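The data block below is final-v4.cif; it holds mmCIF, C-alpha atoms.
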data_input
loop_
_atom_site.label_atom_id
_atom_site.label_comp_id
_atom_site.auth_asym_id
_atom_site.auth_seq_id
_atom_site.Cartn_x
_atom_site.Cartn_y
_atom_site.Cartn_z
CA MET I 207 0.00 0.00 0.00
CA PRO I 208 1.21 3.56 -0.67
CA SER I 209 2.27 5.56 2.35
CA THR I 210 -0.56 7.28 4.21
CA THR I 211 1.78 9.53 6.17
CA ALA I 212 3.77 11.14 3.37
CA SER I 213 2.91 14.79 2.84
CA PRO I 214 1.54 15.48 -0.65
CA LEU I 215 3.92 16.22 -3.50
CA MET I 216 2.35 19.54 -4.42
CA ASP I 217 3.27 22.31 -6.84
CA ARG I 218 2.64 26.03 -6.38
CA LEU I 219 -0.73 25.73 -8.13
CA GLY I 220 -1.98 23.15 -5.65
CA ARG I 221 -1.74 20.13 -7.96
CA VAL I 222 -0.88 16.94 -6.07
CA HIS I 223 1.40 14.51 -7.89
CA THR I 224 0.75 10.81 -7.31
CA ASP I 225 1.74 9.35 -10.70
CA LEU I 226 5.37 8.68 -11.62
CA ARG I 227 6.54 7.72 -15.12
CA VAL I 228 9.91 5.94 -15.05
CA SER I 229 11.89 5.48 -18.26
CA LEU I 230 14.02 2.32 -18.17
CA THR I 231 15.96 2.97 -21.39
CA ASP I 232 16.08 5.37 -24.32
CA ARG I 233 16.71 2.50 -26.74
CA CYS I 234 14.02 1.11 -29.01
CA ASN I 235 13.75 -1.75 -31.50
CA LEU I 236 11.46 0.24 -33.80
CA ARG I 237 12.16 3.42 -35.77
CA CYS I 238 8.74 5.04 -35.97
CA THR I 239 8.75 7.87 -38.46
CA TYR I 240 7.03 10.30 -36.05
CA CYS I 241 9.51 9.54 -33.27
CA MET I 242 13.06 9.19 -34.58
CA PRO I 243 15.16 9.03 -37.76
CA GLU I 244 15.73 5.75 -39.56
CA GLU I 245 19.31 5.44 -38.29
CA GLY I 246 18.15 5.81 -34.69
CA LEU I 247 19.67 8.15 -32.13
CA ALA I 248 22.83 8.38 -30.06
CA TRP I 249 21.82 6.11 -27.17
CA LEU I 250 22.81 6.88 -23.61
CA PRO I 251 26.01 5.10 -22.54
CA LYS I 252 25.27 2.37 -20.00
CA PRO I 253 27.17 4.06 -17.13
CA GLU I 254 24.80 7.03 -17.43
CA LEU I 255 21.70 4.88 -16.92
CA LEU I 256 20.25 4.40 -13.48
CA THR I 257 21.08 0.99 -12.04
CA ASP I 258 18.36 -1.25 -10.67
CA ASP I 259 19.42 -0.30 -7.13
CA GLU I 260 19.14 3.39 -7.96
CA LEU I 261 15.75 2.97 -9.60
CA VAL I 262 14.39 1.02 -6.65
CA ARG I 263 15.69 3.62 -4.21
CA LEU I 264 14.11 6.51 -6.09
CA VAL I 265 10.77 4.74 -6.36
CA ALA I 266 10.97 3.98 -2.63
CA VAL I 267 11.51 7.69 -1.90
CA ALA I 268 8.57 8.52 -4.15
CA THR I 269 6.16 6.07 -2.54
CA GLU I 270 7.26 6.34 1.09
CA ARG I 271 8.00 10.06 1.35
CA LEU I 272 6.13 11.77 -1.49
CA GLY I 273 2.82 9.95 -1.68
CA VAL I 274 3.27 8.51 -5.19
CA ARG I 275 0.72 5.72 -5.74
CA THR I 276 1.13 4.66 -9.37
CA VAL I 277 4.27 3.98 -11.40
CA ARG I 278 4.34 3.42 -15.15
CA LEU I 279 7.49 1.96 -16.68
CA THR I 280 8.30 3.43 -20.08
CA GLY I 281 11.11 3.91 -22.60
CA GLY I 282 12.34 3.90 -25.30
CA GLU I 283 11.17 0.33 -25.23
CA PRO I 284 11.15 -0.86 -21.60
CA LEU I 285 11.13 -4.56 -22.48
CA LEU I 286 14.71 -4.07 -23.72
CA ARG I 287 15.82 -3.56 -20.10
CA ARG I 288 17.68 -6.68 -19.01
CA GLY I 289 16.36 -8.39 -15.91
CA LEU I 290 13.04 -6.52 -16.06
CA PRO I 291 10.98 -9.14 -14.16
CA GLY I 292 13.49 -8.99 -11.31
CA LEU I 293 13.28 -5.20 -11.19
CA ILE I 294 9.48 -5.34 -11.14
CA ALA I 295 9.57 -7.89 -8.33
CA ARG I 296 11.76 -5.55 -6.28
CA LEU I 297 9.44 -2.60 -6.88
CA THR I 298 6.37 -4.57 -5.86
CA ALA I 299 8.16 -5.76 -2.71
CA LEU I 300 8.71 -2.22 -1.41
CA PRO I 301 7.09 -1.32 1.93
CA HIS I 302 4.61 0.90 0.05
CA PRO I 303 4.42 -0.78 -3.37
CA PRO I 304 2.93 1.28 -6.18
CA GLU I 305 0.37 0.10 -8.68
CA LEU I 306 2.71 -0.87 -11.48
CA SER I 307 2.06 -0.77 -15.23
CA ILE I 308 4.11 -0.55 -18.41
CA THR I 309 3.90 1.10 -21.83
CA THR I 310 5.52 -0.95 -24.60
CA ASN I 311 5.53 -1.47 -28.34
CA GLY I 312 4.54 -5.07 -27.61
CA ILE I 313 7.22 -6.80 -29.64
CA GLY I 314 8.65 -8.66 -26.64
CA LEU I 315 5.38 -9.34 -24.83
CA ALA I 316 4.69 -12.79 -26.22
CA ARG I 317 7.76 -14.20 -24.50
CA SER I 318 7.66 -12.07 -21.33
CA ALA I 319 4.02 -11.44 -20.38
CA VAL I 320 3.72 -14.35 -17.94
CA ALA I 321 7.01 -13.54 -16.19
CA LEU I 322 6.04 -9.86 -15.89
CA ARG I 323 2.66 -10.74 -14.40
CA GLU I 324 4.20 -13.19 -11.95
CA ALA I 325 6.70 -10.50 -10.90
CA GLY I 326 3.86 -8.15 -9.97
CA LEU I 327 3.06 -6.10 -13.07
CA ARG I 328 -0.65 -5.29 -13.22
CA ARG I 329 -1.43 -3.55 -16.52
CA VAL I 330 0.04 -2.96 -19.96
CA ASN I 331 -0.42 -0.32 -22.66
CA VAL I 332 0.68 -1.33 -26.14
CA SER I 333 1.44 1.26 -28.82
CA LEU I 334 -0.01 0.20 -32.18
CA ASP I 335 -0.85 2.63 -34.98
CA THR I 336 -2.07 0.32 -37.75
CA LEU I 337 -3.38 -3.18 -38.40
CA ARG I 338 -1.99 -3.35 -41.93
CA PRO I 339 1.36 -5.17 -42.23
CA GLU I 340 2.68 -3.02 -45.07
CA ARG I 341 1.69 0.19 -43.31
CA PHE I 342 3.17 -1.02 -40.03
CA ALA I 343 6.48 -1.58 -41.82
CA GLU I 344 6.30 1.88 -43.35
CA ILE I 345 5.56 3.62 -40.05
CA THR I 346 7.97 1.67 -37.85
CA ARG I 347 10.55 0.73 -40.51
CA ARG I 348 10.32 -2.82 -39.16
CA ASP I 349 8.15 -5.77 -40.27
CA ARG I 350 6.95 -6.78 -36.79
CA LEU I 351 3.17 -6.41 -36.73
CA GLN I 352 2.57 -10.10 -36.09
CA ASP I 353 4.86 -9.96 -33.05
CA VAL I 354 2.81 -7.11 -31.62
CA LEU I 355 -0.49 -8.92 -32.20
CA LEU I 356 0.89 -12.03 -30.49
CA GLY I 357 2.11 -9.85 -27.64
CA LEU I 358 -1.34 -8.35 -27.14
CA ALA I 359 -2.90 -11.80 -26.94
CA ALA I 360 -0.20 -13.01 -24.54
CA ALA I 361 -0.69 -10.02 -22.24
CA GLN I 362 -4.42 -10.64 -22.09
CA ALA I 363 -3.94 -14.37 -21.44
CA ALA I 364 -1.48 -13.57 -18.64
CA GLY I 365 -4.04 -11.39 -16.88
CA LEU I 366 -2.45 -8.00 -17.59
CA ALA I 367 -5.90 -6.47 -17.84
CA PRO I 368 -7.29 -4.34 -19.18
CA VAL I 369 -4.91 -4.47 -22.14
CA LYS I 370 -4.89 -0.98 -23.59
CA VAL I 371 -3.98 -0.22 -27.19
CA ASN I 372 -2.63 3.27 -27.88
CA ALA I 373 -2.76 4.69 -31.41
CA VAL I 374 -1.61 8.07 -32.71
CA PRO I 375 -3.61 8.96 -35.83
CA VAL I 376 -1.70 11.05 -38.37
CA ARG I 377 -3.47 12.66 -41.29
CA GLY I 378 -2.74 10.90 -44.55
CA VAL I 379 -0.88 8.09 -42.80
CA ASN I 380 -3.28 6.00 -40.71
CA ASP I 381 -6.30 8.18 -39.98
CA ASP I 382 -8.45 5.96 -42.21
CA GLU I 383 -8.09 3.15 -39.66
CA ILE I 384 -9.63 4.86 -36.63
CA ALA I 385 -12.95 3.03 -36.70
CA GLY I 386 -11.29 -0.20 -37.81
CA MET I 387 -8.85 -0.19 -34.92
CA ALA I 388 -11.67 0.43 -32.47
CA ALA I 389 -13.56 -2.53 -33.96
CA PHE I 390 -10.43 -4.69 -33.60
CA ALA I 391 -10.13 -3.76 -29.92
CA ILE I 392 -13.81 -4.43 -29.29
CA GLU I 393 -13.56 -7.85 -30.95
CA HIS I 394 -10.56 -8.90 -28.85
CA GLY I 395 -11.53 -7.33 -25.55
CA TYR I 396 -8.83 -4.65 -25.54
CA ARG I 397 -9.37 -1.05 -24.51
CA MET I 398 -8.68 1.32 -27.41
CA ARG I 399 -7.23 4.80 -26.89
CA PHE I 400 -6.41 7.40 -29.50
CA ILE I 401 -3.81 10.07 -28.75
CA GLU I 402 -3.35 13.42 -30.48
CA SER I 403 0.16 13.67 -31.84
CA MET I 404 2.47 16.03 -29.97
CA PRO I 405 5.67 17.93 -30.84
CA LEU I 406 8.07 15.43 -29.25
CA ASP I 407 9.82 13.89 -32.26
CA ALA I 408 13.60 13.86 -32.50
CA GLN I 409 13.52 15.45 -35.96
CA GLY I 410 11.47 18.48 -34.88
CA ALA I 411 9.20 17.87 -37.87
CA TRP I 412 5.84 17.83 -36.04
CA ASP I 413 3.17 19.48 -38.15
CA ARG I 414 -0.03 20.53 -36.44
CA GLY I 415 -1.84 20.31 -39.76
CA ARG I 416 -1.25 16.55 -39.82
CA MET I 417 -2.49 16.08 -36.26
CA VAL I 418 -5.91 14.43 -36.12
CA THR I 419 -7.88 16.21 -33.42
CA ALA I 420 -10.07 14.65 -30.76
CA ASP I 421 -13.17 16.05 -32.45
CA GLU I 422 -12.17 14.39 -35.72
CA ILE I 423 -11.45 11.09 -33.99
CA LEU I 424 -14.87 11.13 -32.34
CA GLU I 425 -16.51 12.02 -35.63
CA ARG I 426 -14.88 9.00 -37.32
CA LEU I 427 -15.89 6.72 -34.46
CA GLY I 428 -19.43 8.10 -34.52
CA GLU I 429 -19.83 7.03 -38.12
CA ARG I 430 -19.65 3.39 -37.02
CA PHE I 431 -20.50 3.29 -33.32
CA THR I 432 -22.85 4.92 -30.86
CA LEU I 433 -20.79 6.34 -27.99
CA GLU I 434 -21.96 7.07 -24.46
CA PRO I 435 -19.70 9.43 -22.47
CA LEU I 436 -18.32 8.16 -19.17
CA PRO I 437 -17.38 10.30 -16.15
CA ARG I 438 -13.72 11.24 -16.18
CA SER I 439 -11.71 9.17 -13.73
CA GLY I 440 -9.83 11.50 -11.39
CA ASN I 441 -6.87 13.11 -13.16
CA ALA I 442 -6.67 10.46 -15.87
CA PRO I 443 -5.62 12.00 -19.21
CA ALA I 444 -8.13 10.04 -21.27
CA GLU I 445 -11.73 11.03 -21.90
CA GLU I 446 -13.68 7.79 -22.27
CA TRP I 447 -16.85 6.58 -23.96
CA ARG I 448 -18.69 3.28 -23.74
CA VAL I 449 -19.56 1.72 -27.07
CA VAL I 450 -23.31 1.22 -26.83
CA GLY I 451 -24.36 -2.40 -27.18
CA THR I 452 -20.99 -3.69 -25.90
CA ASP I 453 -18.88 -3.64 -22.75
CA ALA I 454 -16.11 -1.91 -24.67
CA VAL I 455 -14.64 1.47 -23.72
CA VAL I 456 -12.72 3.76 -26.06
CA GLY I 457 -10.68 6.73 -24.94
CA VAL I 458 -9.19 9.87 -26.46
CA ILE I 459 -6.21 11.73 -25.05
CA ALA I 460 -6.51 15.25 -26.44
CA SER I 461 -3.23 16.64 -25.14
CA VAL I 462 -3.17 19.48 -27.67
CA THR I 463 -6.75 20.57 -28.31
CA ARG I 464 -8.19 19.78 -24.86
CA PRO I 465 -5.19 20.09 -22.53
CA PHE I 466 -5.65 18.70 -19.04
CA CYS I 467 -2.66 20.47 -17.50
CA GLY I 468 -4.83 21.99 -14.76
CA GLY I 469 -5.31 18.57 -13.20
CA CYS I 470 -1.94 17.03 -14.04
CA ASP I 471 -0.67 14.67 -11.36
CA ARG I 472 2.36 13.29 -13.22
CA VAL I 473 6.10 13.63 -12.85
CA ARG I 474 8.74 11.88 -14.96
CA LEU I 475 12.11 10.26 -14.31
CA THR I 476 14.36 9.70 -17.32
CA ALA I 477 16.55 6.63 -17.77
CA ASP I 478 19.61 8.67 -16.77
CA GLY I 479 18.04 9.92 -13.55
CA GLN I 480 16.77 13.35 -14.53
CA LEU I 481 13.51 14.44 -12.94
CA ARG I 482 11.11 16.31 -15.24
CA ASN I 483 8.10 18.03 -13.70
CA CYS I 484 6.37 18.24 -17.10
CA LEU I 485 6.62 16.35 -20.37
CA PHE I 486 7.48 19.68 -22.02
CA ALA I 487 9.75 20.99 -19.25
CA ALA I 488 12.73 23.09 -20.32
CA THR I 489 14.77 22.10 -17.24
CA GLU I 490 15.55 18.92 -15.33
CA SER I 491 16.70 18.04 -11.80
CA ASP I 492 19.63 15.64 -11.58
CA LEU I 493 18.67 12.98 -9.04
CA ARG I 494 21.32 10.59 -10.32
CA ALA I 495 24.07 13.01 -9.28
CA LEU I 496 22.57 13.20 -5.80
CA LEU I 497 22.48 9.42 -5.45
CA ARG I 498 26.01 8.93 -6.72
CA GLY I 499 27.24 11.83 -4.62
CA GLY I 500 26.13 10.12 -1.41
CA ALA I 501 23.01 12.18 -0.68
CA ASP I 502 20.60 10.73 1.87
CA ASP I 503 16.90 10.21 1.23
CA GLU I 504 16.02 13.54 2.88
CA ALA I 505 18.15 15.39 0.34
CA VAL I 506 16.64 13.45 -2.56
CA GLU I 507 13.14 14.19 -1.25
CA ALA I 508 13.96 17.89 -0.93
CA ALA I 509 15.25 18.06 -4.51
CA TRP I 510 12.17 16.25 -5.76
CA ARG I 511 9.83 18.63 -3.95
CA ALA I 512 11.74 21.68 -5.18
CA SER I 513 11.46 20.50 -8.78
CA VAL I 514 7.71 19.91 -8.57
CA ALA I 515 7.17 23.20 -6.74
CA GLY I 516 8.52 25.01 -9.80
CA LYS I 517 6.18 23.32 -12.28
CA GLY I 518 4.56 25.66 -14.81
CA PRO I 519 0.81 25.93 -15.42
CA GLY I 520 0.82 24.01 -18.73
CA HIS I 521 2.63 22.93 -21.87
CA ALA I 522 1.74 26.10 -23.86
CA ILE I 523 1.85 24.32 -27.22
CA ASP I 524 -0.40 27.03 -28.65
CA SER I 525 1.74 29.85 -27.29
CA PRO I 526 4.04 31.80 -29.66
CA ASP I 527 6.78 31.25 -27.07
CA PHE I 528 6.45 27.45 -27.11
CA ARG I 529 9.74 25.62 -27.50
CA GLN I 530 9.94 21.90 -28.14
CA PRO I 531 11.92 20.02 -25.45
CA ASP I 532 15.55 19.27 -26.20
CA ARG I 533 14.89 15.59 -25.56
CA PRO I 534 12.52 13.64 -27.81
CA MET I 535 9.79 11.44 -26.33
CA SER I 536 11.96 8.34 -26.64
CA ALA I 537 14.52 9.89 -24.29
CA ILE I 538 11.98 11.36 -21.85
CA GLY I 539 9.63 8.45 -21.32
CA GLY I 540 5.90 8.61 -21.99
#
Would you mind writing the file out in structure tokens?
Amino acid sequence: MPSTTASPLMDRLGRVHTDLRVSLTDRCNLRCTYCMPEEGLAWLPKPELLTDDELVRLVAVATERLGVRTVRLTGGEPLLRRGLPGLIARLTALPHPPELSITTNGIGLARSAVALREAGLRRVNVSLDTLRPERFAEITRRDRLQDVLLGLAAAQAAGLAPVKVNAVPVRGVNDDEIAGMAAFAIEHGYRMRFIESMPLDAQGAWDRGRMVTADEILERLGERFTLEPLPRSGNAPAEEWRVVGTDAVVGVIASVTRPFCGGCDRVRLTADGQLRNCLFAATESDLRALLRGGADDEAVEAAWRASVAGKGPGHAIDSPDFRQPDRPMSAIGG
């Protein structure tokens, strides 16, 4: 159980942060066109990555001293982290274990889903932007769609439920599959979520004109399904609808056109130990340096609180002063 005595991790606007996103690696085995160039990126050297001991210690500080209740493991591709089931087992054995989930491209799930579930993982989000093999190869520059589909089935069979499928529609690329992907999720018992594309690519080539908005996504879904809105769950980023006549739920994360910054409860830790109080933050706090410099947990807690206290009101994507983060999404962690 999360600590009940930790004082809230609050920013100057009164937002309480209970959700931690932890990137395990910046490496990935796909090369999605909207994320990174075909040749990949300059990966972080291994000595710069947090060790398992360092990760466990930081999550312990978060859950025992800061009131963090949920932890999502991200990347890069987190399944590339060696010894991942062992790391998950250590996190779930903490005195105040968080609710633990993972976001993955699904390629390694077929062979790891059971071990991850047995280690204590509870839920999985799988990124999948198309159901067409040729299109998948074009978008990801890898012919691995069948591996992802097998991974989804394995996650569901292992009890990592609900299995969520995340898709980013891009105009002229895969926006003609919105209703079809929802139908696929309904058929297989997955929970479909569509996400507006954001300016977080390594190439800096994001084009708002190619972003498919939440309104457009709902319009496409409405052509095939009848949707019934559901109450928003706490500070969850997704707006959700029940598909009438089924038990299925579809969600839309409208980060750009319907920003939810006013209720944001998330903070992010990069694979090299940098704390980011916002996905679009211009600055980071170096927790790795504190750990390796011999700082005690009180000092780490103080640095964490100071970072969150300075969090801005929102991402300001629509502001003329908006500046894309120096790190791409693959190096920040979703």
**OP:** I would like the residues chosen by the PyMOL selection byres ((chain I and resi 433) around 9) on the shown file; could you give them as a PyMOL selection string?
**Re:** chain I and resi 424+427-428+431-432+434-435+447-450+455-456
Subject >> Counting only C-alpha atoms, the option among I:Val265, I:Val506, I:Leu306, I:Ala477 closest to Gly281 (chain I) >> reply: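 Residue with the minimum atom-to-atom distance to Gly281 (chain I): I:Ala477.
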Residues of region 302-361 of chain I that approach region 239-250 of chain I to 12 Å or less, counting all atoms listed in the file: could you list each one with the shortest pair of atoms and its distance in Å to one decimal, rows by chain and increasing residue number, as a tab-separated table?
residue	atom	partner	partner_atom	distance
I:Asp335	CA	I:Tyr240	CA	11.0
I:Arg341	CA	I:Thr239	CA	11.5
I:Phe342	CA	I:Thr239	CA	10.6
I:Ala343	CA	I:Thr239	CA	10.3
I:Glu344	CA	I:Thr239	CA	8.1
I:Ile345	CA	I:Thr239	CA	5.5
I:Thr346	CA	I:Thr239	CA	6.3
I:Arg347	CA	I:Glu244	CA	7.3
I:Arg348	CA	I:Glu244	CA	10.1
Output for the residues just chosen: C-alpha atoms as a tab-separated table (two decimals), in the frame of the given file:
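Everything below was put into result-v4.tsv:
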chain	number	residue	atom	x	y	z
I	335	ASP	CA	-0.85	2.63	-34.98
I	341	ARG	CA	1.69	0.19	-43.31
I	342	PHE	CA	3.17	-1.02	-40.03
I	343	ALA	CA	6.48	-1.58	-41.82
I	344	GLU	CA	6.30	1.88	-43.35
I	345	ILE	CA	5.56	3.62	-40.05
I	346	THR	CA	7.97	1.67	-37.85
I	347	ARG	CA	10.55	0.73	-40.51
I	348	ARG	CA	10.32	-2.82	-39.16
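Distances from I:Ala444, I:Val462, I:Asp217, I:Gly314 to Trp510 (chain I) were compared using only C-alpha atoms, and the smallest one belongs to I:Asp217.
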Original post:
Nearest to Asp478 (chain I): which of I:Thr231, I:Thr298, I:Thr452, I:Thr309 is it, counting all atoms listed in the file?
Top reply: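 Under the stated criterion, the closest residue is I:Thr231.
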**OP:** Measuring atom to atom with only C-alpha atoms, identify which of I:Arg271, I:Asp225, I:Pro304, I:Cys234 is nearest to Ala508 (chain I).
**Re:** I:Arg271
**OP:** Carefully work through the PyMOL selection byres ((chain I and resi 261) around 10) for this structure and note down the residues it includes, as a ChimeraX atom specification.
**Re:** /I:228-230,255-260,262-267,293,296-297,475,477-479,494
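Shortest atom-to-atom contact with Asn235 (chain I) among I:Met404, I:Ala389, I:Ile313, I:Val277: I:Ile313, counting only C-alpha atoms.
Proximity ranking of I:Gly365, I:Pro303, I:Gly457, I:Gly312 relative to Glu283 (chain I) places I:Gly312 first, based on all atoms listed in the file.
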Name every residue that the PyMOL selection byres ((chain I and resi 285) around 8) selects in this structure, writing the answer as a CSV table (one decimal) with C-alpha atoms, keeping the file's coordinate frame with chains first and numbers rising.
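Resulting contents of out.csv:
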chain,number,residue,atom,x,y,z
I,283,GLU,CA,11.2,0.3,-25.2
I,284,PRO,CA,11.2,-0.9,-21.6
I,286,LEU,CA,14.7,-4.1,-23.7
I,287,ARG,CA,15.8,-3.6,-20.1
I,288,ARG,CA,17.7,-6.7,-19.0
I,290,LEU,CA,13.0,-6.5,-16.1
I,310,THR,CA,5.5,-1.0,-24.6
I,314,GLY,CA,8.6,-8.7,-26.6
I,315,LEU,CA,5.4,-9.3,-24.8
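We find CA of Met417 (chain I) and CA of Ala391 (chain I) to be spaced 22.2 Å apart.
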Original post:
What does the distance between CA of Arg338 (chain I) and CA of Arg237 (chain I) come to in Å, to one decimal place?
Top reply: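 Between these atoms lies a distance of 16.9 Å.
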Original post:
Hey, can you check how far CA of Arg278 (chain I) sits from CA of Ile308 (chain I)?
Top reply: 5.1 Å
Find the spatial neighbours of Ile384 (chain I), counting only C-alpha atoms, within a cut-off of 9 Å - ignore same-chain residues fewer than 2 positions away - and output them as a short mmCIF file (atom, residue, chain, number, x, y, z; two decimals) with C-alpha atoms, in the frame of the given file.
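Listed below is the output, part_37.cif:
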data_model
loop_
_atom_site.label_atom_id
_atom_site.label_comp_id
_atom_site.auth_asym_id
_atom_site.auth_seq_id
_atom_site.Cartn_x
_atom_site.Cartn_y
_atom_site.Cartn_z
CA THR I 336 -2.07 0.32 -37.75
CA ALA I 373 -2.76 4.69 -31.41
CA PRO I 375 -3.61 8.96 -35.83
CA ASN I 380 -3.28 6.00 -40.71
CA ASP I 381 -6.30 8.18 -39.98
CA ASP I 382 -8.45 5.96 -42.21
CA GLY I 386 -11.29 -0.20 -37.81
CA MET I 387 -8.85 -0.19 -34.92
CA ALA I 388 -11.67 0.43 -32.47
CA ALA I 389 -13.56 -2.53 -33.96
CA PHE I 400 -6.41 7.40 -29.50
CA ILE I 423 -11.45 11.09 -33.99
CA ARG I 426 -14.88 9.00 -37.32
CA LEU I 427 -15.89 6.72 -34.46
#
Subject >> Protein/DNA/RNA residues near (-3.4, 7.9, -7.7), cut 9 Å, all atoms listed in the file, as a list in words >> reply: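 Checked against the point, the hits come out as His223, Thr224, Asp225, Gly273, Val274, Arg275, Thr276, Glu305, Gly440, Asn441 and Asp471 of chain I.
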